[in-house]
file entry-v7.cif (mmCIF, C-alpha atoms)
data_query
#
loop_
_atom_site.label_atom_id
_atom_site.label_comp_id
_atom_site.auth_asym_id
_atom_site.auth_seq_id
_atom_site.Cartn_x
_atom_site.Cartn_y
_atom_site.Cartn_z
CA MET A 1 24.32 -6.67 10.31
CA ILE A 2 23.71 -4.45 7.26
CA THR A 3 26.66 -4.22 4.87
CA ASP A 4 24.82 -2.88 1.81
CA ALA A 5 25.62 0.82 1.30
CA ARG A 6 22.43 1.23 -0.71
CA ILE A 7 20.31 0.80 2.44
CA THR A 8 19.54 3.60 4.91
CA ILE A 9 17.85 2.75 8.20
CA GLN A 10 15.47 5.13 9.98
CA LYS A 11 13.74 4.44 13.30
CA VAL A 12 10.11 5.60 13.45
CA GLU A 13 9.32 7.47 16.65
CA GLY A 14 6.19 7.05 18.74
CA ALA A 15 5.12 10.62 17.95
CA TYR A 16 4.52 9.64 14.33
CA TYR A 17 2.41 6.70 15.42
CA ALA A 18 0.32 9.08 17.52
CA GLN A 19 -0.36 11.12 14.36
CA VAL A 20 -1.53 7.98 12.54
CA LYS A 21 -3.82 7.10 15.46
CA GLU A 22 -5.30 10.59 15.33
CA LEU A 23 -5.82 10.31 11.56
CA TYR A 24 -7.59 6.99 12.11
CA ARG A 25 -9.90 8.59 14.68
CA SER A 26 -10.67 11.48 12.31
CA LYS A 27 -11.88 9.00 9.66
CA LEU A 28 -13.35 6.46 12.07
CA THR A 29 -16.82 6.29 10.48
CA GLU A 30 -15.49 5.72 6.96
CA LEU A 31 -12.83 3.22 8.06
CA ASN A 32 -15.34 1.26 10.16
CA LYS A 33 -17.65 1.07 7.16
CA TYR A 34 -14.79 -0.30 5.04
CA ILE A 35 -14.00 -2.94 7.66
CA GLU A 36 -17.68 -3.96 7.77
CA GLU A 37 -17.78 -4.26 3.98
CA LEU A 38 -14.54 -6.22 3.97
CA GLN A 39 -15.89 -8.66 6.55
CA TRP A 40 -19.17 -9.08 4.63
CA TRP A 41 -17.43 -9.81 1.33
CA ASN A 42 -14.80 -12.00 2.96
CA LYS A 43 -17.50 -14.46 3.99
CA ARG A 44 -18.37 -14.86 0.30
CA ILE A 45 -15.04 -14.31 -1.46
CA ASN A 46 -11.67 -15.02 0.15
CA LEU A 47 -10.25 -11.49 0.18
CA VAL A 48 -8.22 -11.93 3.37
CA SER A 49 -7.73 -14.80 5.80
CA ARG A 50 -11.06 -16.51 6.50
CA ASP A 51 -10.68 -16.50 10.28
CA VAL A 52 -9.38 -12.94 10.64
CA SER A 53 -11.01 -11.00 13.50
CA ARG A 54 -12.33 -7.47 13.36
CA GLU A 55 -9.65 -6.39 15.84
CA THR A 56 -6.94 -7.74 13.53
CA LEU A 57 -8.46 -5.95 10.54
CA VAL A 58 -8.39 -2.70 12.51
CA MET A 59 -4.66 -3.19 13.07
CA HIS A 60 -4.07 -3.96 9.38
CA VAL A 61 -5.95 -0.80 8.36
CA GLU A 62 -3.87 1.22 10.80
CA HIS A 63 -0.73 -0.48 9.47
CA SER A 64 -1.71 0.60 5.95
CA LEU A 65 -1.89 4.24 7.06
CA MET A 66 1.70 4.05 8.29
CA LEU A 67 2.65 4.39 4.60
CA LEU A 68 1.91 8.10 4.93
CA LEU A 69 5.24 8.29 6.76
CA VAL A 70 6.90 8.12 3.33
CA PRO A 71 6.72 11.55 1.61
CA ILE A 72 6.37 10.10 -1.89
CA VAL A 73 3.10 8.35 -0.90
CA LYS A 74 1.54 11.76 -0.31
CA GLU A 75 3.18 13.34 -3.36
CA ALA A 76 2.25 10.71 -5.98
CA GLN A 77 -0.41 11.44 -8.59
CA ILE A 78 -1.08 7.71 -9.11
CA ILE A 79 -0.73 5.00 -6.46
CA LEU A 80 -0.89 1.44 -7.76
CA ASP A 81 -1.63 -1.03 -4.94
CA VAL A 82 -0.37 -4.34 -6.33
CA GLY A 83 -1.54 -7.68 -4.93
CA THR A 84 -4.18 -5.74 -3.03
CA GLY A 85 -6.37 -8.68 -1.96
CA GLY A 86 -9.07 -7.00 0.13
CA GLY A 87 -7.98 -3.44 -0.66
CA LEU A 88 -5.04 -3.07 1.72
CA PRO A 89 -3.36 -0.63 1.77
CA GLY A 90 -5.14 1.17 -1.09
CA ILE A 91 -8.60 1.74 0.34
CA PRO A 92 -7.47 3.09 3.73
CA LEU A 93 -5.14 5.46 1.85
CA GLY A 94 -8.04 6.48 -0.38
CA ILE A 95 -10.22 7.24 2.65
CA CYS A 96 -7.52 9.21 4.48
CA ARG A 97 -5.84 11.21 1.73
CA ASN A 98 -7.81 14.35 2.69
CA ASN A 99 -9.37 14.90 -0.74
CA ASN A 100 -6.03 15.17 -2.54
CA ALA A 101 -7.31 16.37 -5.92
CA THR A 102 -4.17 15.30 -7.75
CA GLN A 103 -4.07 11.68 -6.59
CA SER A 104 -5.67 8.53 -7.99
CA ILE A 105 -5.45 5.17 -6.23
CA ILE A 106 -5.83 1.92 -8.17
CA MET A 107 -6.03 -1.50 -6.57
CA ASN A 108 -4.57 -4.32 -8.63
CA ASP A 109 -4.89 -8.09 -8.28
CA LYS A 110 -4.77 -10.82 -10.90
CA VAL A 111 -7.74 -12.61 -9.26
CA GLU A 112 -10.79 -11.18 -11.03
CA LYS A 113 -13.34 -12.05 -8.34
CA LYS A 114 -11.36 -10.05 -5.79
CA ILE A 115 -11.32 -7.01 -8.07
CA TRP A 116 -15.05 -7.43 -8.72
CA ALA A 117 -15.71 -7.38 -4.96
CA LEU A 118 -13.44 -4.37 -4.47
CA ARG A 119 -15.36 -2.41 -7.11
CA GLN A 120 -18.53 -3.03 -5.11
CA ILE A 121 -16.81 -1.86 -1.93
CA ILE A 122 -15.45 1.27 -3.64
CA GLN A 123 -18.93 2.11 -4.91
CA LYS A 124 -20.54 1.47 -1.51
CA LEU A 125 -18.02 3.73 0.20
CA GLY A 126 -18.46 6.46 -2.41
CA LEU A 127 -14.72 6.81 -2.99
CA GLU A 128 -13.73 9.10 -5.84
CA GLU A 129 -10.57 8.65 -7.91
CA VAL A 130 -10.24 5.10 -6.57
CA GLY A 131 -10.40 2.19 -9.03
CA ALA A 132 -9.58 -1.49 -9.39
CA LEU A 133 -7.81 -3.37 -12.18
CA ALA A 134 -7.72 -7.15 -12.71
CA ARG A 135 -4.40 -7.71 -14.47
CA ASN A 136 -1.06 -9.37 -13.99
CA VAL A 137 1.13 -6.50 -12.79
CA ALA A 138 3.78 -7.35 -15.40
CA THR A 139 1.34 -6.39 -18.17
CA ILE A 140 0.20 -3.03 -16.75
CA ARG A 141 1.17 0.16 -18.54
CA LEU A 142 0.68 3.79 -17.50
CA SER A 143 -2.12 4.21 -20.05
CA ASP A 144 -4.05 1.43 -18.28
CA LEU A 145 -3.93 3.35 -15.01
CA VAL A 146 -5.07 6.60 -16.58
CA ASP A 147 -7.99 4.77 -18.18
CA VAL A 148 -9.06 3.30 -14.83
CA SER A 149 -8.73 6.56 -12.93
CA ARG A 150 -8.65 9.74 -14.97
CA GLU A 151 -6.21 12.18 -16.54
CA THR A 152 -4.23 13.63 -13.68
CA LYS A 153 -3.48 17.32 -13.68
CA SER A 154 0.25 16.73 -13.45
CA LYS A 155 2.11 16.30 -16.70
CA THR A 156 4.70 14.14 -14.95
CA ARG A 157 2.12 11.76 -13.42
CA LEU A 158 4.34 10.61 -10.58
CA THR A 159 3.37 6.95 -10.22
CA ILE A 160 4.37 4.63 -7.39
CA CYS A 161 3.73 0.99 -6.54
CA VAL A 162 2.73 0.10 -2.99
CA THR A 163 2.16 -3.37 -1.61
CA LYS A 164 1.43 -5.04 1.71
CA HIS A 165 3.32 -8.34 2.00
CA ALA A 166 2.19 -9.43 -1.49
CA PHE A 167 5.56 -9.58 -3.28
CA LYS A 168 9.22 -10.09 -2.58
CA ILE A 169 11.13 -6.91 -3.32
CA ASP A 170 13.41 -8.34 -5.99
CA GLN A 171 10.45 -10.16 -7.58
CA LEU A 172 8.33 -7.02 -7.94
CA LEU A 173 11.19 -5.01 -9.40
CA ASP A 174 11.60 -7.68 -12.07
CA LEU A 175 7.88 -7.59 -12.88
CA VAL A 176 7.27 -3.83 -13.07
CA PRO A 177 8.75 -2.09 -16.14
CA PRO A 178 10.65 1.19 -15.60
CA ALA A 179 8.23 2.87 -18.01
CA LEU A 180 5.52 2.41 -15.37
CA THR A 181 7.49 3.49 -12.29
CA ASN A 182 10.82 3.32 -10.53
CA GLU A 183 9.36 4.11 -7.09
CA PHE A 184 8.17 1.37 -4.74
CA VAL A 185 6.91 1.34 -1.16
CA PHE A 186 6.61 -1.99 0.67
CA LEU A 187 5.08 -3.01 3.99
CA LYS A 188 7.39 -5.85 4.97
CA GLY A 189 9.09 -7.66 7.77
CA ARG A 190 12.37 -5.89 8.58
CA THR A 191 14.68 -8.89 8.25
CA GLU A 192 13.15 -10.24 5.05
CA ALA A 193 13.15 -6.77 3.51
CA ILE A 194 16.88 -6.29 4.02
CA GLU A 195 17.67 -9.74 2.65
CA GLU A 196 15.47 -9.14 -0.42
CA ILE A 197 17.09 -5.76 -1.09
CA LYS A 198 20.53 -7.36 -0.99
CA ARG A 199 19.44 -9.72 -3.77
CA VAL A 200 18.66 -6.83 -6.13
CA MET A 201 21.54 -6.54 -8.59
CA SER A 202 20.56 -3.29 -10.31
CA PRO A 203 21.41 0.20 -8.96
CA ILE A 204 18.89 1.17 -6.24
CA LYS A 205 18.48 3.27 -3.10
CA ALA A 206 16.38 2.02 -0.20
CA VAL A 207 15.20 3.64 3.02
CA VAL A 208 14.00 1.13 5.63
CA TYR A 209 11.73 2.63 8.27
CA ILE A 210 11.82 0.46 11.41
CA LEU A 211 8.48 0.22 13.28
CA ASP A 212 9.58 -1.75 16.36
CA GLY A 213 8.39 -0.36 19.66
CA ILE A 214 6.07 2.36 18.37
CA ASP A 215 3.16 1.09 20.47
CA LYS A 216 2.61 -1.06 23.56
CA THR A 217 1.54 -4.17 21.65
CA ALA A 218 3.81 -6.52 19.73
CA PHE A 219 1.99 -5.97 16.42
CA TYR A 220 4.69 -3.73 14.91
CA ASP A 221 7.68 -5.62 16.27
CA GLY A 222 9.83 -6.80 13.36
CA LYS A 223 7.85 -4.76 10.82
CA ALA A 224 9.21 -2.11 8.47
CA ILE A 225 8.30 0.17 5.59
CA VAL A 226 10.67 0.20 2.63
CA HIS A 227 10.88 3.04 0.12
CA LEU A 228 12.96 1.82 -2.81
CA SER A 229 14.01 3.84 -5.85
CA ARG A 230 15.79 2.38 -8.87
#
call {"tool": "encode", "arguments": {"input": "entry-v7.cif", "output": "structure tokens"}}
result
Amino acid sequence: MITDARITIQKVEGAYYAQVKELYRSKLTELNKYIEELQWWNKRINLVSRDVSRETLVMHVEHSLMLLLVPIVKEAQIILDVGTGGGLPGIPLGICRNNNATQSIIMNDKVEKKIWALRQIIQKLGLEEVGALARNVATIRLSDLVDVSRETKSKTRLTICVTKHAFKIDQLLDLVPPALTNEFVFLKGRTEAIEEIKRVMSPIKAVVYILDGIDKTAFYDGKAIVHLSR
């Protein structure tokens, strides 16, 4: 039972999932190429689980695109994908953003060999305004992101952090300075997300999008997207 007034719950309807499936189909060639590159590099550098199947990677790419449910993901000028590993969710978002001329996407991981591999993947896919930065997220400043991407046209440079199961919510809020961003979007398990939000002591607002039951498989059961503002 949720007793934290800072948390709003929204159930995602199947119609939205159908839109994501259609978006995936519209970018099928590019997304398949990314999955092939990810599998090739994963045999050499541990970007994701060693024994992950292609079918599972397809689901994780699709899962990444569910972030487009959150309006701020489409509105942001800079998206920082922290703890990106093999480029999830950043690269699928970069492929499917429909040439948004005001948006840069930067993958971040503290493991340099992962970032080196991601730079090769970005180049192979020909993605523009997509970069990769090997740094501890606690040390990143806005100027670092502009250097990796480019000067955005917006003076406000709306910056958000996104992450796919890489950080606990309270942990990431402690690491990221307010000068970088106060907007976060997490792909998390529903139960763990609510418990982690409750541990945050500072003033926040959180919308938890529940993904249970949006398709016929069990993949999305227990999963959620969290948009948190502080």
call {"tool": "residues_around", "arguments": {"input": "entry-v7.cif", "residues": "range 83-85 of chain A", "least_positions_apart": "4", "cutoff": "12 Å", "atoms": "only C-alpha atoms", "output": "JSON, numbers by chain"}}
result
{"A": [38, 41, 42, 45, 46, 47, 48, 49, 64, 79, 89, 90, 91, 92, 105, 106, 107, 108, 109, 110, 111, 112, 113, 114, 115, 116, 117, 118, 131, 132, 133, 134, 135, 136, 137, 138, 161, 162, 163, 164, 165, 166, 167, 168, 172, 186, 187]}
call {"tool": "closest_residue", "arguments": {"input": "entry-v7.cif", "among": "A:Val12, A:Tyr34, A:Leu68, A:Phe219", "to": "Thr56 in chain A", "atoms": "all atoms listed in the file"}}
result
A:Phe219
call {"tool": "resolve_selection", "arguments": {"input": "entry-v7.cif", "expression": "the PyMOL selection byres ((chain A and resi 227) around 9)", "output": "ChimeraX atom specification"}}
result
/A:70,72,183-186,205-209,225-226,228-229
call {"tool": "closest_residue", "arguments": {"input": "entry-v7.cif", "among": "A:Lys223, A:Val176, A:Thr217, A:Thr29", "to": "Val82 in chain A", "atoms": "all atoms listed in the file"}}
result
A:Val176
call {"tool": "atom_distance", "arguments": {"input": "entry-v7.cif", "atom1": "CA of Leu180 in chain A", "atom2": "CA of Leu80 in chain A"}}
result
10.0 Å
call {"tool": "resolve_selection", "arguments": {"input": "entry-v7.cif", "expression": "the PyMOL selection byres ((chain A and resi 215) around 12)", "output": "ChimeraX atom specification"}}
result
/A:12-18,20-21,59,62-63,211-214,216-221
call {"tool": "residues_near_point", "arguments": {"input": "entry-v7.cif", "point": "(24.6, 1.4, 3.1)", "cutoff": "12 Å", "atoms": "all atoms listed in the file", "output": "PyMOL selection string"}}
result
chain A and resi 1-9+194+197-198+204-208
call {"tool": "atom_distance", "arguments": {"input": "entry-v7.cif", "atom1": "CA of Ala76 in chain A", "atom2": "CA of Val130 in chain A"}}
result
13.7 Å
call {"tool": "closest_residue", "arguments": {"input": "entry-v7.cif", "among": "A:Ala193, A:Val52, A:Leu93, A:Leu175", "to": "Asp81 in chain A", "atoms": "only C-alpha atoms"}}
result
A:Leu93
call {"tool": "atom_distance", "arguments": {"input": "entry-v7.cif", "atom1": "CA of Arg157 in chain A", "atom2": "CA of Thr139 in chain A"}}
result
18.8 Å
call {"tool": "closest_residue", "arguments": {"input": "entry-v7.cif", "among": "A:Val58, A:Met66, A:Ile122, A:Ala224", "to": "Gly189 in chain A", "atoms": "only C-alpha atoms"}}
result
A:Ala224
call {"tool": "closest_residue", "arguments": {"input": "entry-v7.cif", "among": "A:Gly222, A:Arg97, A:Ile210, A:Ile160", "to": "Lys11 in chain A", "atoms": "all atoms listed in the file"}}
result
A:Ile210
